[in-house]
$ cat coords-v2.tsv   # TSV, C-alpha atoms
chain	number	residue	atom	x	y	z
A	22	MET	CA	132.36	128.73	89.56
A	23	ALA	CA	133.87	125.39	90.47
A	24	ALA	CA	136.18	123.72	87.96
A	25	GLN	CA	135.88	119.96	87.57
A	26	VAL	CA	133.20	118.61	89.90
A	27	PRO	CA	133.36	114.90	90.84
A	28	LEU	CA	130.50	112.87	89.39
A	29	ARG	CA	127.70	112.48	91.94
A	30	HIS	CA	124.21	111.01	91.64
A	31	PHE	CA	121.11	111.58	93.80
A	32	LEU	CA	119.30	108.26	93.72
A	33	GLN	CA	118.43	107.98	97.42
A	34	PHE	CA	118.26	110.58	100.18
A	35	LYS	CA	121.31	109.08	101.89
A	36	ASP	CA	123.44	109.73	98.79
A	37	LEU	CA	124.16	113.16	100.29
A	38	SER	CA	125.62	113.70	103.77
A	39	ARG	CA	123.98	115.82	106.43
A	40	ALA	CA	126.37	118.69	105.68
A	41	GLU	CA	125.61	118.46	101.97
A	42	HIS	CA	121.86	118.50	102.61
A	43	ASP	CA	122.28	121.55	104.84
A	44	TYR	CA	124.20	123.23	102.02
A	45	VAL	CA	121.45	122.42	99.50
A	46	PHE	CA	118.78	123.82	101.86
A	47	ALA	CA	120.80	127.03	102.30
A	48	ARG	CA	121.23	127.37	98.55
A	49	ALA	CA	117.52	126.69	98.00
A	50	ARG	CA	116.66	129.55	100.35
A	51	TRP	CA	118.97	131.94	98.44
A	52	ILE	CA	117.79	130.79	95.01
A	53	LYS	CA	114.16	131.15	96.10
A	54	GLN	CA	114.87	134.71	97.26
A	55	GLN	CA	116.26	135.56	93.82
A	56	PHE	CA	113.21	134.03	92.17
A	57	LYS	CA	110.80	136.02	94.36
A	58	ALA	CA	112.73	139.23	93.66
A	59	TYR	CA	112.69	138.62	89.88
A	60	GLN	CA	116.49	138.53	89.87
A	61	ARG	CA	117.98	136.63	86.94
A	62	TYR	CA	120.33	133.85	88.06
A	63	TRP	CA	121.69	131.70	85.25
A	64	PRO	CA	124.52	129.53	86.60
A	65	LEU	CA	123.55	126.65	84.26
A	66	ALA	CA	123.56	128.59	80.99
A	67	ASP	CA	124.23	126.24	78.06
A	68	ARG	CA	123.62	123.17	80.25
A	69	THR	CA	120.99	120.59	79.24
A	70	LEU	CA	118.78	118.47	81.48
A	71	VAL	CA	117.17	115.35	80.01
A	72	MET	CA	113.99	114.28	81.81
A	73	ILE	CA	113.00	110.63	81.27
A	74	PHE	CA	109.46	109.72	82.30
A	75	GLU	CA	108.12	106.19	82.58
A	76	LYS	CA	105.57	107.33	85.18
A	77	ALA	CA	103.35	110.34	84.53
A	78	SER	CA	103.69	113.47	86.66
A	79	THR	CA	102.57	117.06	87.04
A	80	ARG	CA	104.83	118.47	89.77
A	81	THR	CA	107.99	116.58	88.81
A	82	ARG	CA	107.95	117.65	85.17
A	83	LEU	CA	106.91	121.23	85.89
A	84	SER	CA	109.41	121.78	88.70
A	85	PHE	CA	112.40	120.29	86.84
A	86	GLU	CA	111.60	121.83	83.45
A	87	ALA	CA	110.81	125.29	84.81
A	88	GLY	CA	113.70	125.06	87.26
A	89	MET	CA	116.28	124.26	84.60
A	90	GLN	CA	115.04	127.11	82.41
A	91	GLN	CA	115.11	129.52	85.36
A	92	LEU	CA	118.76	128.57	85.92
A	93	GLY	CA	119.53	129.48	82.31
A	94	GLY	CA	119.64	125.95	80.92
A	95	ALA	CA	117.43	123.83	78.70
A	96	ALA	CA	115.25	120.84	79.55
A	97	ILE	CA	114.31	118.02	77.16
A	98	TYR	CA	111.31	115.78	77.91
A	99	LEU	CA	111.51	112.11	76.93
A	100	ASN	CA	108.72	109.63	77.54
A	101	THR	CA	109.77	106.00	77.34
A	102	ARG	CA	106.74	105.30	75.11
A	103	ASP	CA	108.20	107.70	72.53
A	104	SER	CA	111.83	106.56	72.69
A	105	GLN	CA	113.90	103.45	72.11
A	106	LEU	CA	113.80	102.78	75.86
A	107	GLY	CA	110.19	101.81	75.35
A	108	ARG	CA	111.17	99.44	72.55
A	109	GLY	CA	113.58	97.33	74.51
A	110	GLU	CA	116.85	99.26	74.26
A	111	PRO	CA	119.01	98.24	77.23
A	112	VAL	CA	119.04	100.84	79.98
A	113	GLU	CA	122.84	100.76	80.04
A	114	ASP	CA	123.05	101.55	76.31
A	115	ALA	CA	120.58	104.43	76.63
A	116	ALA	CA	122.61	105.85	79.52
A	117	GLN	CA	125.81	105.92	77.49
A	118	VAL	CA	124.13	107.74	74.60
A	119	ILE	CA	122.00	110.19	76.59
A	120	SER	CA	124.81	111.15	78.96
A	121	ARG	CA	127.08	112.01	75.99
A	122	MET	CA	124.50	114.53	74.74
A	123	SER	CA	123.46	116.19	78.01
A	124	ASP	CA	124.77	117.50	81.31
A	125	LEU	CA	122.22	116.09	83.74
A	126	VAL	CA	119.53	113.39	83.70
A	127	MET	CA	116.37	113.07	85.81
A	128	ILE	CA	114.46	109.78	85.69
A	129	ARG	CA	110.98	108.98	86.98
A	130	THR	CA	110.43	105.25	86.68
A	131	PHE	CA	109.35	102.05	88.40
A	132	GLU	CA	112.02	99.81	89.98
A	133	GLN	CA	115.00	101.44	91.69
A	134	ASP	CA	117.18	98.94	89.84
A	135	ILE	CA	116.43	100.75	86.55
A	136	ILE	CA	117.83	104.06	87.73
A	137	GLU	CA	120.79	102.37	89.43
A	138	ARG	CA	121.69	100.62	86.17
A	139	PHE	CA	121.35	103.86	84.21
A	140	ALA	CA	123.56	105.73	86.67
A	141	SER	CA	126.23	103.03	86.54
A	142	LYS	CA	126.84	103.86	82.86
A	143	SER	CA	126.12	107.59	82.92
A	144	ARG	CA	128.84	110.20	82.42
A	145	VAL	CA	126.67	112.88	84.04
A	146	PRO	CA	124.74	113.19	87.33
A	147	VAL	CA	121.48	111.26	87.55
A	148	ILE	CA	118.60	112.38	89.79
A	149	ASN	CA	115.81	110.14	91.05
A	150	GLY	CA	112.52	111.87	90.18
A	151	LEU	CA	110.63	108.93	91.74
A	152	THR	CA	110.88	105.15	91.85
A	153	ASN	CA	108.74	102.51	93.50
A	154	GLU	CA	111.17	102.50	96.43
A	155	TYR	CA	112.16	106.16	96.94
A	156	HIS	CA	111.15	109.77	96.27
A	157	PRO	CA	114.14	111.79	97.53
A	158	CYS	CA	113.33	115.09	95.78
A	159	GLN	CA	109.93	115.16	97.47
A	160	ILE	CA	111.45	114.82	100.92
A	161	LEU	CA	114.04	117.48	100.09
A	162	ALA	CA	111.12	119.83	99.45
A	163	ASP	CA	109.22	118.69	102.55
A	164	ILE	CA	112.14	119.22	104.90
A	165	PHE	CA	113.00	122.57	103.32
A	166	THR	CA	109.36	123.59	103.85
A	167	TYR	CA	109.50	122.56	107.50
A	168	ILE	CA	112.71	124.55	108.01
A	169	GLU	CA	111.06	127.61	106.43
A	170	HIS	CA	108.05	127.41	108.72
A	171	ARG	CA	109.44	126.00	111.96
A	172	GLY	CA	113.23	125.98	111.88
A	173	PRO	CA	115.66	123.02	112.13
A	174	ILE	CA	114.14	119.55	111.90
A	175	GLN	CA	116.82	117.86	114.03
A	176	GLY	CA	115.23	116.22	117.06
A	177	LYS	CA	111.68	116.76	115.82
A	178	THR	CA	109.02	114.09	115.28
A	179	VAL	CA	107.33	113.36	111.96
A	180	ALA	CA	104.16	111.23	111.96
A	181	TRP	CA	103.62	109.20	108.82
A	182	ILE	CA	100.03	107.94	108.52
A	183	GLY	CA	99.08	105.44	105.83
A	184	ASP	CA	100.92	103.24	103.34
A	185	SER	CA	104.62	102.48	103.81
A	186	ASN	CA	105.39	103.54	100.26
A	187	ASN	CA	108.33	105.24	98.54
A	188	VAL	CA	107.66	108.56	100.29
A	189	CYS	CA	107.54	106.87	103.69
A	190	ASN	CA	110.77	104.99	102.92
A	191	THR	CA	112.50	108.26	102.10
A	192	TRP	CA	111.29	109.95	105.29
A	193	LEU	CA	112.88	107.06	107.20
A	194	GLN	CA	116.19	107.50	105.38
A	195	ALA	CA	116.10	111.25	105.95
A	196	ALA	CA	115.55	110.75	109.68
A	197	GLU	CA	118.79	108.77	109.89
A	198	VAL	CA	120.75	111.33	107.88
A	199	LEU	CA	119.37	114.45	109.58
A	200	ASP	CA	118.73	113.07	113.09
A	201	PHE	CA	114.99	113.35	113.64
A	202	ASN	CA	112.29	110.80	114.46
A	203	VAL	CA	109.52	109.23	112.41
A	204	HIS	CA	106.38	107.67	113.88
A	205	VAL	CA	104.82	105.30	111.34
A	206	SER	CA	101.29	103.92	111.50
A	207	THR	CA	100.07	101.63	108.72
A	208	PRO	CA	97.20	99.14	108.53
A	209	PRO	CA	98.14	95.51	109.18
A	210	GLY	CA	99.90	94.06	106.14
A	211	TYR	CA	101.29	97.40	104.97
A	212	GLU	CA	104.13	97.77	107.47
A	213	VAL	CA	107.58	99.19	106.77
A	214	GLU	CA	110.09	96.79	105.22
A	215	PRO	CA	113.45	98.02	106.59
A	216	GLU	CA	115.52	96.41	103.84
A	217	ARG	CA	113.31	97.88	101.09
A	218	ALA	CA	113.48	101.26	102.84
A	219	GLY	CA	117.27	101.08	102.77
A	220	LEU	CA	117.62	101.52	106.53
A	221	TYR	CA	120.80	100.68	108.39
A	222	GLY	CA	119.30	101.25	111.87
A	223	THR	CA	116.00	101.61	113.70
A	224	ASP	CA	116.92	104.31	116.20
A	225	HIS	CA	114.98	107.02	114.37
A	226	PHE	CA	111.61	105.40	113.76
A	227	GLU	CA	108.87	103.71	115.72
A	228	GLU	CA	105.79	101.85	114.49
A	229	PHE	CA	102.32	102.31	115.99
A	230	ALA	CA	99.22	100.17	115.48
A	231	ASP	CA	96.96	103.15	116.28
A	232	PRO	CA	97.46	106.20	114.04
A	233	MET	CA	96.34	108.51	116.85
A	234	ASP	CA	99.27	107.28	118.93
A	235	ALA	CA	101.65	107.96	116.04
A	236	ALA	CA	100.35	111.53	115.69
A	237	ARG	CA	100.46	112.30	119.39
A	238	GLY	CA	103.02	115.04	120.05
A	239	ALA	CA	104.24	115.14	116.43
A	240	ASP	CA	105.74	118.31	114.96
A	241	LEU	CA	104.75	117.34	111.42
A	242	VAL	CA	101.95	115.04	110.24
A	243	THR	CA	102.08	113.73	106.70
A	244	THR	CA	100.43	111.16	104.47
A	245	ASP	CA	99.98	110.12	100.84
A	246	VAL	CA	97.30	108.54	98.68
A	247	TRP	CA	96.20	105.09	99.75
A	248	THR	CA	96.72	103.66	96.27
A	249	SER	CA	100.01	104.61	94.62
A	250	MET	CA	100.70	104.32	90.88
A	251	GLY	CA	100.99	100.69	89.88
A	252	PHE	CA	98.63	99.45	92.60
A	253	GLU	CA	95.32	100.54	91.02
A	254	ALA	CA	94.02	96.95	90.95
A	255	GLU	CA	94.10	96.97	94.77
A	256	ASN	CA	92.09	100.19	95.09
A	257	GLU	CA	88.86	98.74	96.51
A	258	GLU	CA	90.74	96.56	99.01
A	259	ARG	CA	92.89	99.49	100.09
A	260	LEU	CA	89.86	101.74	100.61
A	261	ARG	CA	88.61	99.20	103.14
A	262	ASP	CA	91.97	98.52	104.78
A	263	PHE	CA	92.91	102.21	105.22
A	264	ALA	CA	89.50	103.51	106.35
A	265	ASP	CA	90.74	104.28	109.88
A	266	TRP	CA	93.96	105.95	108.67
A	267	GLN	CA	92.52	109.26	107.49
A	268	VAL	CA	94.30	112.36	108.80
A	269	ASP	CA	91.41	114.39	110.22
A	270	GLY	CA	90.95	117.21	112.70
A	271	ASP	CA	91.07	114.91	115.71
A	272	MET	CA	94.38	113.47	114.59
A	273	MET	CA	95.88	116.93	114.06
A	274	ASN	CA	94.64	117.92	117.52
A	275	ALA	CA	96.66	115.00	118.94
A	276	ALA	CA	99.81	116.48	117.44
A	277	ARG	CA	101.58	119.53	118.81
A	278	PRO	CA	99.60	122.79	118.62
A	279	ASP	CA	102.08	124.22	116.10
A	280	ALA	CA	102.30	121.02	114.02
A	281	VAL	CA	102.19	121.35	110.25
A	282	PHE	CA	100.44	119.05	107.79
A	283	MET	CA	102.05	117.92	104.53
A	284	HIS	CA	100.97	115.88	101.53
A	285	CYS	CA	103.02	115.31	98.37
A	286	LEU	CA	99.89	115.61	96.18
A	287	PRO	CA	97.69	114.81	94.36
A	288	ALA	CA	95.36	114.41	97.33
A	289	HIS	CA	92.00	112.69	97.69
A	290	ARG	CA	89.92	114.67	100.18
A	291	GLY	CA	87.72	112.36	102.19
A	292	GLU	CA	90.15	109.44	101.84
A	293	GLU	CA	93.69	109.82	103.23
A	294	VAL	CA	93.03	113.38	104.43
A	295	ALA	CA	89.97	115.35	105.50
A	296	ALA	CA	89.26	118.60	103.68
A	297	GLU	CA	89.34	120.44	107.03
A	298	VAL	CA	93.01	119.46	107.38
A	299	ILE	CA	94.47	119.95	103.91
A	300	ASP	CA	92.59	123.24	103.52
A	301	GLY	CA	93.02	124.26	107.16
A	302	SER	CA	95.46	126.33	109.20
A	303	HIS	CA	97.95	123.49	109.81
A	304	SER	CA	98.42	122.79	106.11
A	305	VAL	CA	101.54	123.93	104.25
A	306	VAL	CA	100.95	121.75	101.17
A	307	TRP	CA	101.05	124.60	98.64
A	308	ASP	CA	104.37	125.91	99.94
A	309	GLU	CA	105.54	122.30	99.94
A	310	ALA	CA	104.55	121.86	96.29
A	311	GLU	CA	106.23	125.12	95.23
A	312	ASN	CA	109.40	124.21	97.06
A	313	ARG	CA	109.99	121.26	94.74
A	314	LEU	CA	111.05	123.95	92.25
A	315	HIS	CA	113.52	125.67	94.57
A	316	VAL	CA	115.22	122.67	96.19
A	317	GLN	CA	115.63	120.93	92.85
A	318	LYS	CA	117.28	124.02	91.41
A	319	ALA	CA	119.68	123.98	94.36
A	320	LEU	CA	120.27	120.24	93.86
A	321	MET	CA	121.01	120.60	90.14
A	322	GLU	CA	123.36	123.49	90.83
A	323	PHE	CA	125.19	121.43	93.48
A	324	LEU	CA	125.56	118.33	91.29
A	325	LEU	CA	126.89	120.33	88.35
A	326	LEU	CA	128.88	123.10	90.00
A	327	GLY	CA	129.67	121.87	93.52
A	328	HIS	CA	129.88	124.33	96.40
A	329	ILE	CA	129.39	127.99	95.47
A	330	GLU	CA	130.50	130.82	97.71
A	331	GLN	CA	127.80	133.47	97.73
$ encode --input "coords-v2.tsv" --output "structure tokens"
Amino acid sequence: MAAQVPLRHFLQFKDLSRAEHDYVFARARWIKQQFKAYQRYWPLADRTLVMIFEKASTRTRLSFEAGMQQLGGAAIYLNTRDSQLGRGEPVEDAAQVISRMSDLVMIRTFEQDIIERFASKSRVPVINGLTNEYHPCQILADIFTYIEHRGPIQGKTVAWIGDSNNVCNTWLQAAEVLDFNVHVSTPPGYEVEPERAGLYGTDHFEEFADPMDAARGADLVTTDVWTSMGFEAENEERLRDFADWQVDGDMMNAARPDAVFMHCLPAHRGEEVAAEVIDGSHSVVWDEAENRLHVQKALMEFLLLGHIEQ
């Protein structure tokens, strides 16, 4: 095992280099193989992960909690409603206390600024489990899933259909880091904001007014709910605005014949995706969901132990 590992955080996809992402994907493949073969692998024995939730989740909590236990460590769940963070304790103060009692922290919260402030005072690695701006662990799982099914993603085209939300922003960052292309189609008024997405160039994405044009020739078609957490008051308006942005059979037929469909879940059949797509032959959403577990185990191992020769 590595000795002293420099402190690293994973707050945005671009926090890791292309080579580091490739390493994490390779480790995720090996760790998944051990899991499937019922081989015990406990590199994080006696390590503790603290999971801080300000936004509710199924997949994020399950994948991190189960993943840490499967690596031999322990996971502690904290909800801000049940802690001093929910009673006005400064984020910076909480970071100094929590990071003295744990080895790793995952936070699922609202503004990116909250997690950035926490990380600035943390003695241990901090992982972004989701913010309003980014969802890097989701895209780690999505890209790993694509690699499993179709091989390298470099040079491929991803079609994003729907709201330019935190998942879309992270796809755009990933395209710059890993050298692939993203076609984005959103309704008017919901376009990508490059500064919010954290982009430093526009060479890897293109916007389309017509979602069919965005999907044409794509290797991967993906979407998300039309109304993300925190925007529930806009639900009726969004149902009207996004009506023509459903990923259906015709849209998948516009993509490449071997294109895959992804969705970070939970999904609303009949809204952002037709049942024939998410439950059809192009869909890899269940592998995608499971792979949150495996890539996050590889990420936690990397942040705590660095490179491991296997």
$ residues_around --input "coords-v2.tsv" --residues "Ala49 (chain A)" --least-positions-apart "2" --cutoff "9 Å" --atoms "only C-alpha atoms" --output "CSV table (one decimal) with C-alpha atoms, in the frame of the given file"
chain,number,residue,atom,x,y,z
A,44,TYR,CA,124.2,123.2,102.0
A,45,VAL,CA,121.4,122.4,99.5
A,46,PHE,CA,118.8,123.8,101.9
A,47,ALA,CA,120.8,127.0,102.3
A,51,TRP,CA,119.0,131.9,98.4
A,52,ILE,CA,117.8,130.8,95.0
A,53,LYS,CA,114.2,131.2,96.1
A,54,GLN,CA,114.9,134.7,97.3
A,165,PHE,CA,113.0,122.6,103.3
A,312,ASN,CA,109.4,124.2,97.1
A,315,HIS,CA,113.5,125.7,94.6
A,316,VAL,CA,115.2,122.7,96.2
A,317,GLN,CA,115.6,120.9,92.8
A,318,LYS,CA,117.3,124.0,91.4
A,319,ALA,CA,119.7,124.0,94.4
A,320,LEU,CA,120.3,120.2,93.9
$ closest_residue --input "coords-v2.tsv" --among "A:Arg108, A:Arg68, A:Arg290, A:Arg237" --to "Ile182 (chain A)" --atoms "all atoms listed in the file"
A:Arg237
$ atom_distance --input "coords-v2.tsv" --atom1 "CA of Phe263 (chain A)" --atom2 "CA of His156 (chain A)"
21.7 Å
$ atom_distance --input "coords-v2.tsv" --atom1 "CA of Ala140 (chain A)" --atom2 "CA of Gly88 (chain A)"
21.7 Å
$ atom_distance --input "coords-v2.tsv" --atom1 "CA of Asn202 (chain A)" --atom2 "CA of Thr178 (chain A)"
4.7 Å
$ residues_around --input "coords-v2.tsv" --residues "region 78-85 of chain A" --least-positions-apart "5" --cutoff "7 Å" --atoms "all atoms listed in the file" --output "VMD selection string"
chain A and resid 150 313 to 314 317
$ closest_residue --input "coords-v2.tsv" --among "A:Asn190, A:Glu75, A:Asp200, A:Cys285" --to "Glu216 (chain A)" --atoms "only C-alpha atoms"
A:Asn190
$ residues_near_point --input "coords-v2.tsv" --point "(102.5, 123.4, 108.1)" --cutoff "8 Å" --atoms "only C-alpha atoms" --output "list of chain:residue names"
A:Tyr167, A:His170, A:Leu241, A:Ala280, A:Val281, A:Phe282, A:Met283, A:Ser302, A:His303, A:Ser304, A:Val305, A:Val306
$ residues_around --input "coords-v2.tsv" --residues "Trp192 (chain A)" --least-positions-apart "2" --cutoff "9 Å" --atoms "only C-alpha atoms" --output "number ranges by chain"
A: 34, 157, 160, 179, 181, 187-190, 194-197, 203
$ residues_around --input "coords-v2.tsv" --residues "Val126 (chain A)" --least-positions-apart "5" --cutoff "12 Å" --atoms "all atoms listed in the file" --output "number ranges by chain"
A: 29-32, 68-74, 85-86, 89, 95-99, 115-121, 136, 139-140, 143-150, 321, 324-325
$ write_last_selection --input "coords-v2.tsv" --atoms "C-alpha atoms" --output "compact mmCIF listing (two decimals), in the frame of the given file"
# COMPACT_ATOMS: atom_id res chain seq x y z
CA ARG A 29 127.70 112.48 91.94
CA HIS A 30 124.21 111.01 91.64
CA PHE A 31 121.11 111.58 93.80
CA LEU A 32 119.30 108.26 93.72
CA ARG A 68 123.62 123.17 80.25
CA THR A 69 120.99 120.59 79.24
CA LEU A 70 118.78 118.47 81.48
CA VAL A 71 117.17 115.35 80.01
CA MET A 72 113.99 114.28 81.81
CA ILE A 73 113.00 110.63 81.27
CA PHE A 74 109.46 109.72 82.30
CA PHE A 85 112.40 120.29 86.84
CA GLU A 86 111.60 121.83 83.45
CA MET A 89 116.28 124.26 84.60
CA ALA A 95 117.43 123.83 78.70
CA ALA A 96 115.25 120.84 79.55
CA ILE A 97 114.31 118.02 77.16
CA TYR A 98 111.31 115.78 77.91
CA LEU A 99 111.51 112.11 76.93
CA ALA A 115 120.58 104.43 76.63
CA ALA A 116 122.61 105.85 79.52
CA GLN A 117 125.81 105.92 77.49
CA VAL A 118 124.13 107.74 74.60
CA ILE A 119 122.00 110.19 76.59
CA SER A 120 124.81 111.15 78.96
CA ARG A 121 127.08 112.01 75.99
CA ILE A 136 117.83 104.06 87.73
CA PHE A 139 121.35 103.86 84.21
CA ALA A 140 123.56 105.73 86.67
CA SER A 143 126.12 107.59 82.92
CA ARG A 144 128.84 110.20 82.42
CA VAL A 145 126.67 112.88 84.04
CA PRO A 146 124.74 113.19 87.33
CA VAL A 147 121.48 111.26 87.55
CA ILE A 148 118.60 112.38 89.79
CA ASN A 149 115.81 110.14 91.05
CA GLY A 150 112.52 111.87 90.18
CA MET A 321 121.01 120.60 90.14
CA LEU A 324 125.56 118.33 91.29
CA LEU A 325 126.89 120.33 88.35
$ closest_residue --input "coords-v2.tsv" --among "A:Ala264, A:Ala162, A:Met272, A:Ala254" --to "Ala180 (chain A)" --atoms "only C-alpha atoms"
A:Met272
$ closest_residue --input "coords-v2.tsv" --among "A:Glu169, A:Glu214, A:Glu293, A:Asp265" --to "Asp245 (chain A)" --atoms "all atoms listed in the file"
A:Glu293
$ closest_residue --input "coords-v2.tsv" --among "A:Phe56, A:Trp247, A:Phe131, A:Phe252" --to "Leu151 (chain A)" --atoms "all atoms listed in the file"
A:Phe131
$ closest_residue --input "coords-v2.tsv" --among "A:Arg48, A:Arg102, A:Arg259, A:Lys142" --to "Leu28 (chain A)" --atoms "all atoms listed in the file"
A:Lys142
$ axis_aligned_box --input "coords-v2.tsv" --around "region 231-241 of chain A" --padding-each-side "6 Å" --output "lines of an AutoDock Vina configuration file"
center_x = 101.0
center_y = 110.7
center_z = 115.7
size_x = 21.4
size_y = 27.2
size_z = 20.6
